[in-house]
Every structure is written in structure tokens, then in C-alpha cells.
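What follows is the content of run-v1.cif, which has mmCIF, N, CA and C atoms:
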```cif
data_query
#
loop_
_atom_site.label_atom_id
_atom_site.label_comp_id
_atom_site.auth_asym_id
_atom_site.auth_seq_id
_atom_site.Cartn_x
_atom_site.Cartn_y
_atom_site.Cartn_z
N MET A 1 12.30 -2.88 24.05
CA MET A 1 11.21 -3.65 23.46
C MET A 1 10.02 -2.73 23.21
N LYS A 2 9.45 -2.85 22.02
CA LYS A 2 8.33 -2.00 21.67
C LYS A 2 7.07 -2.43 22.42
N ASP A 3 6.24 -1.45 22.71
CA ASP A 3 4.96 -1.74 23.34
C ASP A 3 3.96 -2.05 22.23
N ILE A 4 3.86 -3.31 21.87
CA ILE A 4 3.01 -3.72 20.76
C ILE A 4 1.55 -3.44 21.07
N ARG A 5 1.15 -3.71 22.29
CA ARG A 5 -0.25 -3.46 22.64
C ARG A 5 -0.58 -1.97 22.54
N GLY A 6 0.34 -1.12 22.97
CA GLY A 6 0.11 0.32 22.89
C GLY A 6 0.01 0.80 21.46
N ALA A 7 0.88 0.28 20.59
CA ALA A 7 0.84 0.65 19.18
C ALA A 7 -0.46 0.18 18.54
N ALA A 8 -0.86 -1.03 18.84
CA ALA A 8 -2.10 -1.55 18.29
C ALA A 8 -3.30 -0.74 18.78
N LYS A 9 -3.26 -0.35 20.03
CA LYS A 9 -4.36 0.45 20.59
C LYS A 9 -4.43 1.82 19.92
N ARG A 10 -3.25 2.44 19.69
CA ARG A 10 -3.24 3.74 19.00
C ARG A 10 -3.75 3.61 17.58
N GLU A 11 -3.37 2.53 16.91
CA GLU A 11 -3.84 2.31 15.54
C GLU A 11 -5.36 2.12 15.51
N GLN A 12 -5.87 1.33 16.44
CA GLN A 12 -7.32 1.12 16.50
C GLN A 12 -8.04 2.43 16.77
N GLU A 13 -7.50 3.24 17.67
CA GLU A 13 -8.11 4.53 17.99
C GLU A 13 -8.10 5.44 16.76
N PHE A 14 -6.96 5.48 16.06
CA PHE A 14 -6.87 6.30 14.85
C PHE A 14 -7.90 5.84 13.82
N TYR A 15 -7.97 4.54 13.60
CA TYR A 15 -8.88 4.02 12.59
C TYR A 15 -10.33 4.29 12.98
N ARG A 16 -10.64 4.15 14.25
CA ARG A 16 -12.01 4.42 14.69
C ARG A 16 -12.35 5.89 14.51
N ARG A 17 -11.40 6.74 14.85
CA ARG A 17 -11.64 8.18 14.77
C ARG A 17 -11.60 8.70 13.34
N GLU A 18 -10.59 8.28 12.56
CA GLU A 18 -10.37 8.85 11.24
C GLU A 18 -10.83 7.96 10.08
N GLY A 19 -10.61 6.66 10.24
CA GLY A 19 -10.73 5.80 9.08
C GLY A 19 -12.07 5.19 8.79
N ALA A 20 -12.77 4.78 9.80
CA ALA A 20 -13.98 4.00 9.56
C ALA A 20 -15.03 4.79 8.79
N ALA A 21 -15.16 6.06 9.06
CA ALA A 21 -16.21 6.84 8.44
C ALA A 21 -15.93 7.13 6.97
N ASN A 22 -14.67 7.38 6.61
CA ASN A 22 -14.40 7.79 5.24
C ASN A 22 -13.45 6.86 4.50
N ALA A 23 -13.21 5.67 5.00
CA ALA A 23 -12.30 4.73 4.34
C ALA A 23 -12.91 4.22 3.04
N ILE A 24 -12.06 4.10 2.05
CA ILE A 24 -12.46 3.47 0.80
C ILE A 24 -12.43 1.96 1.02
N ARG A 25 -13.44 1.27 0.53
CA ARG A 25 -13.47 -0.19 0.64
C ARG A 25 -12.96 -0.78 -0.67
N ALA A 26 -11.93 -1.60 -0.57
CA ALA A 26 -11.36 -2.25 -1.75
C ALA A 26 -11.54 -3.75 -1.62
N GLU A 27 -11.63 -4.42 -2.75
CA GLU A 27 -11.76 -5.87 -2.80
C GLU A 27 -10.53 -6.46 -3.46
N LEU A 28 -9.89 -7.38 -2.77
CA LEU A 28 -8.74 -8.09 -3.31
C LEU A 28 -9.23 -9.42 -3.86
N THR A 29 -9.09 -9.60 -5.17
CA THR A 29 -9.48 -10.85 -5.80
C THR A 29 -8.25 -11.43 -6.47
N LYS A 30 -8.09 -12.71 -6.41
CA LYS A 30 -6.89 -13.39 -6.89
C LYS A 30 -5.69 -12.82 -6.13
N ASP A 31 -4.49 -13.06 -6.61
CA ASP A 31 -3.31 -12.54 -5.93
C ASP A 31 -2.87 -11.21 -6.50
N ASN A 32 -3.35 -10.87 -7.68
CA ASN A 32 -2.82 -9.69 -8.35
C ASN A 32 -3.89 -8.71 -8.83
N ILE A 33 -5.10 -8.82 -8.35
CA ILE A 33 -6.17 -7.92 -8.78
C ILE A 33 -6.85 -7.31 -7.55
N CYS A 34 -6.97 -5.99 -7.58
CA CYS A 34 -7.64 -5.26 -6.50
C CYS A 34 -8.49 -4.18 -7.15
N SER A 35 -9.66 -3.93 -6.58
CA SER A 35 -10.53 -2.90 -7.16
C SER A 35 -11.24 -2.14 -6.05
N ALA A 36 -11.54 -0.89 -6.36
CA ALA A 36 -12.30 -0.02 -5.45
C ALA A 36 -12.95 1.07 -6.28
N LEU A 37 -14.16 1.42 -5.91
CA LEU A 37 -14.89 2.51 -6.56
C LEU A 37 -14.92 2.35 -8.08
N GLY A 38 -15.04 1.10 -8.53
CA GLY A 38 -15.12 0.84 -9.96
C GLY A 38 -13.80 0.89 -10.70
N ILE A 39 -12.70 0.96 -9.97
CA ILE A 39 -11.37 1.02 -10.58
C ILE A 39 -10.65 -0.30 -10.32
N PRO A 40 -10.51 -1.15 -11.34
CA PRO A 40 -9.75 -2.39 -11.15
C PRO A 40 -8.28 -2.18 -11.49
N VAL A 41 -7.41 -2.85 -10.76
CA VAL A 41 -5.97 -2.77 -11.01
C VAL A 41 -5.39 -4.18 -10.96
N GLN A 42 -4.56 -4.50 -11.94
CA GLN A 42 -3.86 -5.78 -11.94
C GLN A 42 -2.37 -5.47 -11.89
N SER A 43 -1.70 -6.02 -10.87
CA SER A 43 -0.30 -5.72 -10.64
C SER A 43 0.28 -6.76 -9.69
N PRO A 44 1.60 -6.93 -9.68
CA PRO A 44 2.20 -7.81 -8.67
C PRO A 44 1.96 -7.32 -7.25
N SER A 45 1.80 -6.02 -7.07
CA SER A 45 1.42 -5.45 -5.77
C SER A 45 0.17 -4.60 -5.98
N PRO A 46 -0.98 -5.26 -6.09
CA PRO A 46 -2.20 -4.58 -6.53
C PRO A 46 -2.72 -3.49 -5.59
N VAL A 47 -2.54 -3.64 -4.29
CA VAL A 47 -3.06 -2.64 -3.36
C VAL A 47 -2.27 -1.33 -3.51
N LEU A 48 -0.96 -1.43 -3.61
CA LEU A 48 -0.15 -0.22 -3.80
C LEU A 48 -0.46 0.43 -5.14
N ALA A 49 -0.62 -0.38 -6.17
CA ALA A 49 -0.97 0.16 -7.49
C ALA A 49 -2.35 0.82 -7.46
N LEU A 50 -3.29 0.24 -6.73
CA LEU A 50 -4.62 0.84 -6.61
C LEU A 50 -4.53 2.18 -5.89
N CYS A 51 -3.72 2.26 -4.85
CA CYS A 51 -3.55 3.54 -4.15
C CYS A 51 -3.01 4.61 -5.09
N ARG A 52 -2.02 4.25 -5.93
CA ARG A 52 -1.48 5.20 -6.91
C ARG A 52 -2.57 5.65 -7.87
N LYS A 53 -3.39 4.72 -8.33
CA LYS A 53 -4.46 5.04 -9.28
C LYS A 53 -5.51 5.94 -8.64
N LEU A 54 -5.88 5.65 -7.39
CA LEU A 54 -6.88 6.47 -6.70
C LEU A 54 -6.40 7.91 -6.52
N VAL A 55 -5.14 8.08 -6.17
CA VAL A 55 -4.58 9.43 -6.04
C VAL A 55 -4.55 10.11 -7.41
N GLU A 56 -4.17 9.35 -8.42
CA GLU A 56 -4.09 9.88 -9.79
C GLU A 56 -5.43 10.40 -10.29
N VAL A 57 -6.53 9.69 -9.95
CA VAL A 57 -7.84 10.12 -10.44
C VAL A 57 -8.48 11.19 -9.55
N GLY A 58 -7.79 11.59 -8.47
CA GLY A 58 -8.27 12.73 -7.72
C GLY A 58 -8.74 12.51 -6.29
N HIS A 59 -8.60 11.33 -5.76
CA HIS A 59 -8.98 11.11 -4.36
C HIS A 59 -7.94 11.73 -3.44
N HIS A 60 -8.39 12.23 -2.32
CA HIS A 60 -7.50 12.91 -1.38
C HIS A 60 -6.45 11.94 -0.85
N PRO A 61 -5.17 12.32 -0.87
CA PRO A 61 -4.10 11.44 -0.43
C PRO A 61 -4.21 10.97 1.03
N ASN A 62 -4.91 11.72 1.87
CA ASN A 62 -5.05 11.32 3.28
C ASN A 62 -6.15 10.29 3.51
N THR A 63 -6.86 9.92 2.46
CA THR A 63 -7.97 8.98 2.60
C THR A 63 -7.46 7.59 2.97
N PRO A 64 -8.01 6.99 4.00
CA PRO A 64 -7.63 5.61 4.33
C PRO A 64 -8.34 4.62 3.41
N ILE A 65 -7.83 3.40 3.38
CA ILE A 65 -8.44 2.36 2.57
C ILE A 65 -8.46 1.07 3.39
N ALA A 66 -9.56 0.36 3.29
CA ALA A 66 -9.71 -0.94 3.95
C ALA A 66 -9.84 -1.98 2.84
N VAL A 67 -8.96 -2.95 2.84
CA VAL A 67 -8.93 -3.95 1.78
C VAL A 67 -9.51 -5.27 2.32
N TYR A 68 -10.46 -5.80 1.60
CA TYR A 68 -11.14 -7.03 2.00
C TYR A 68 -10.90 -8.12 0.97
N ARG A 69 -10.85 -9.33 1.45
CA ARG A 69 -10.91 -10.52 0.60
C ARG A 69 -12.19 -11.22 1.04
N GLY A 70 -13.22 -11.06 0.23
CA GLY A 70 -14.54 -11.54 0.63
C GLY A 70 -15.05 -10.66 1.77
N ASP A 71 -15.44 -11.28 2.88
CA ASP A 71 -15.92 -10.53 4.05
C ASP A 71 -14.83 -10.28 5.08
N VAL A 72 -13.61 -10.70 4.78
CA VAL A 72 -12.52 -10.61 5.76
C VAL A 72 -11.65 -9.39 5.47
N LEU A 73 -11.51 -8.52 6.47
CA LEU A 73 -10.60 -7.39 6.37
C LEU A 73 -9.18 -7.92 6.42
N CYS A 74 -8.41 -7.70 5.36
CA CYS A 74 -7.06 -8.26 5.33
C CYS A 74 -5.98 -7.20 5.39
N LEU A 75 -6.32 -5.94 5.17
CA LEU A 75 -5.32 -4.88 5.19
C LEU A 75 -5.99 -3.54 5.39
N ARG A 76 -5.38 -2.72 6.25
CA ARG A 76 -5.82 -1.34 6.42
C ARG A 76 -4.64 -0.44 6.12
N ILE A 77 -4.88 0.59 5.34
CA ILE A 77 -3.85 1.57 5.02
C ILE A 77 -4.38 2.91 5.47
N ARG A 78 -3.59 3.62 6.28
CA ARG A 78 -4.10 4.87 6.84
C ARG A 78 -4.12 6.02 5.84
N SER A 79 -3.34 5.93 4.75
CA SER A 79 -3.28 7.01 3.78
C SER A 79 -2.93 6.46 2.41
N ILE A 80 -3.82 6.66 1.43
CA ILE A 80 -3.51 6.18 0.09
C ILE A 80 -2.34 6.95 -0.50
N GLY A 81 -2.14 8.18 -0.06
CA GLY A 81 -1.01 8.97 -0.54
C GLY A 81 0.32 8.40 -0.09
N GLU A 82 0.39 7.94 1.16
CA GLU A 82 1.61 7.31 1.65
C GLU A 82 1.88 6.01 0.91
N ALA A 83 0.86 5.18 0.76
CA ALA A 83 1.01 3.89 0.09
C ALA A 83 1.36 4.06 -1.38
N ALA A 84 0.87 5.13 -2.00
CA ALA A 84 1.16 5.38 -3.41
C ALA A 84 2.63 5.65 -3.66
N GLN A 85 3.35 6.03 -2.63
CA GLN A 85 4.77 6.35 -2.76
C GLN A 85 5.68 5.18 -2.42
N LEU A 86 5.10 3.99 -2.25
CA LEU A 86 5.88 2.81 -1.87
C LEU A 86 5.82 1.73 -2.94
N GLU A 87 6.83 0.84 -2.88
CA GLU A 87 6.82 -0.38 -3.67
C GLU A 87 7.43 -1.48 -2.80
N VAL A 88 7.17 -2.72 -3.17
CA VAL A 88 7.72 -3.84 -2.42
C VAL A 88 9.22 -3.88 -2.67
N ASN A 89 10.00 -4.08 -1.60
CA ASN A 89 11.45 -4.13 -1.79
C ASN A 89 11.84 -5.38 -2.56
N GLY A 90 13.07 -5.46 -2.98
CA GLY A 90 13.52 -6.56 -3.83
C GLY A 90 13.42 -7.93 -3.19
N GLU A 91 13.43 -8.00 -1.87
CA GLU A 91 13.35 -9.29 -1.18
C GLU A 91 11.91 -9.70 -0.88
N GLY A 92 10.96 -8.80 -1.08
CA GLY A 92 9.57 -9.11 -0.79
C GLY A 92 9.25 -9.13 0.70
N THR A 93 10.10 -8.49 1.50
CA THR A 93 9.92 -8.53 2.95
C THR A 93 9.56 -7.18 3.54
N GLY A 94 9.36 -6.19 2.73
CA GLY A 94 9.05 -4.86 3.24
C GLY A 94 8.84 -3.91 2.07
N PHE A 95 9.00 -2.63 2.34
CA PHE A 95 8.75 -1.61 1.34
C PHE A 95 9.92 -0.67 1.22
N ARG A 96 9.97 0.02 0.08
CA ARG A 96 10.95 1.07 -0.15
C ARG A 96 10.24 2.17 -0.93
N PRO A 97 10.83 3.36 -0.96
CA PRO A 97 10.21 4.43 -1.75
C PRO A 97 10.11 4.03 -3.22
N LEU A 98 9.05 4.44 -3.86
CA LEU A 98 8.82 4.14 -5.26
C LEU A 98 9.89 4.82 -6.10
N ALA A 99 10.50 4.07 -7.02
CA ALA A 99 11.50 4.63 -7.92
C ALA A 99 10.83 5.59 -8.88
N LYS A 100 11.45 6.73 -9.09
CA LYS A 100 10.91 7.72 -10.01
C LYS A 100 11.22 7.28 -11.44
N PRO A 101 10.30 7.50 -12.38
CA PRO A 101 10.56 7.14 -13.78
C PRO A 101 11.79 7.86 -14.30
N GLY A 102 12.60 7.14 -15.09
CA GLY A 102 13.78 7.74 -15.67
C GLY A 102 15.01 7.70 -14.79
N ARG A 103 14.85 7.26 -13.55
CA ARG A 103 15.99 7.16 -12.64
C ARG A 103 16.30 5.70 -12.42
N ASP A 104 17.56 5.34 -12.62
CA ASP A 104 17.98 3.97 -12.40
C ASP A 104 18.20 3.72 -10.93
N ARG A 105 17.98 2.48 -10.53
CA ARG A 105 18.30 2.08 -9.16
C ARG A 105 19.81 1.91 -9.06
N PRO A 106 20.37 2.22 -7.91
CA PRO A 106 21.81 2.01 -7.77
C PRO A 106 22.11 0.51 -7.82
N THR A 107 23.03 0.14 -8.68
CA THR A 107 23.43 -1.25 -8.80
C THR A 107 24.94 -1.33 -8.84
N ARG A 108 25.47 -2.47 -8.47
CA ARG A 108 26.90 -2.67 -8.55
C ARG A 108 27.25 -3.12 -9.96
N PRO A 109 28.41 -2.72 -10.48
CA PRO A 109 28.85 -3.25 -11.76
C PRO A 109 29.05 -4.76 -11.65
N ASN A 110 28.93 -5.46 -12.74
CA ASN A 110 29.07 -6.92 -12.73
C ASN A 110 30.41 -7.37 -12.17
N SER A 111 31.46 -6.62 -12.41
CA SER A 111 32.76 -7.02 -11.92
C SER A 111 32.78 -7.06 -10.39
N GLU A 112 32.09 -6.12 -9.73
CA GLU A 112 32.02 -6.11 -8.26
C GLU A 112 31.16 -7.26 -7.75
N ALA A 113 30.08 -7.58 -8.46
CA ALA A 113 29.17 -8.63 -8.02
C ALA A 113 29.84 -9.99 -8.08
N ALA A 114 30.78 -10.17 -8.99
CA ALA A 114 31.44 -11.46 -9.15
C ALA A 114 32.46 -11.73 -8.06
N GLU A 115 32.94 -10.70 -7.41
CA GLU A 115 33.97 -10.86 -6.37
C GLU A 115 33.46 -11.54 -5.13
#
```
Could you write out this file's structure as C-alpha cells?
Amino acid sequence: MKDIRGAAKREQEFYRREGAANAIRAELTKDNICSALGIPVQSPSPVLALCRKLVEVGHHPNTPIAVYRGDVLCLRIRSIGEAAQLEVNGEGTGFRPLAKPGRDRPTRPNSEAAE
């Protein structure tokens, strides 16, 4: 069994030490719009898309981001570079590495799917 309290304590310590001082503050509006530092992004997974955009425009990949909905902190990401390399998995229950452009995802032929 994982030590959830220990993991949470380590995360809080990391965020206090590394994240609070230099974290980017992002605002999540609606379900598909997120913005930070004057950069708005509209996407089915707006926070991940915003992280990709922030890295693209030159922000350091190790920069943490704190995402708020109004005054409520709803998500902390320790590294925009790590988040930029992820996408929501097909079931919507987790993440997988971002597919590279021009590469197809492995799929079964229709004949196998029908069996």
C-alpha cells in the first residue's frame, strides 16, 4: 500500500520549495479554455495544450504551473515540459505520451475488431 500522506507531504514540500515562487498562474474558464500570461488556448484538454504553447513560445520546460478556476486552485503541474508531452488517453481516465505528428497510433484491423 502506498504511503499517500508521505507522497502528499513530498509534493507539498516540492511545491513550497520550487513552485510557489516561480509558478505560472493560469486561469481555467469554461471546460475548454485556459489562459496564462496573455496566451489563451481552446482545446478539449486546455491545460495540456497551454503547457505545449508555453514551451513553444520559450518558457523553460521545468517551470511549474498553478491552474485556477476563479480563486480556487484546481490543478498544479510541476513541469510544463512534462505536461506538454502528454495527452488524455482514449478512455479519459489518465494520460499517455503525446502522439508525434505523422505517426499513426497502433490499431487493430477491422477484421480483428469484429471477432
Practice prompt. Would you work out the distance separating CA of Gly58 in chain A from CA of Pro44 in chain A, expressed in Å to one decimal?
Written response: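 So the answer is 23.1 Å.
Of the listed residues A:Ala49, A:Ala26, A:Ile65, A:Cys34, the one whose atoms come nearest to Leu86 in chain A is A:Ala49, with distances taken using all atoms listed in the file.
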Item to complete: Could you jot down the atom C of Leu28 in chain A to atom N of His60 in chain A separation for me, Å, one decimal place?
Response: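 Result for atom C of Leu28 in chain A versus atom N of His60 in chain A: 21.7 Å, one decimal.
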Discussion item. At a cut-off of 12 Å, using only C-alpha atoms, what residues contact Lys53 in chain A? Leave out same-chain residues fewer than 4 positions from it and give the result as a ChimeraX atom specification.
Written reply: /A:34-43,46-49,57-61,80-81,83-85
Practice prompt. Using atom N of Glu82 in chain A and atom N of Gly70 in chain A as the two end points, give the distance in Å to one decimal.
Written response: 23.4 Å
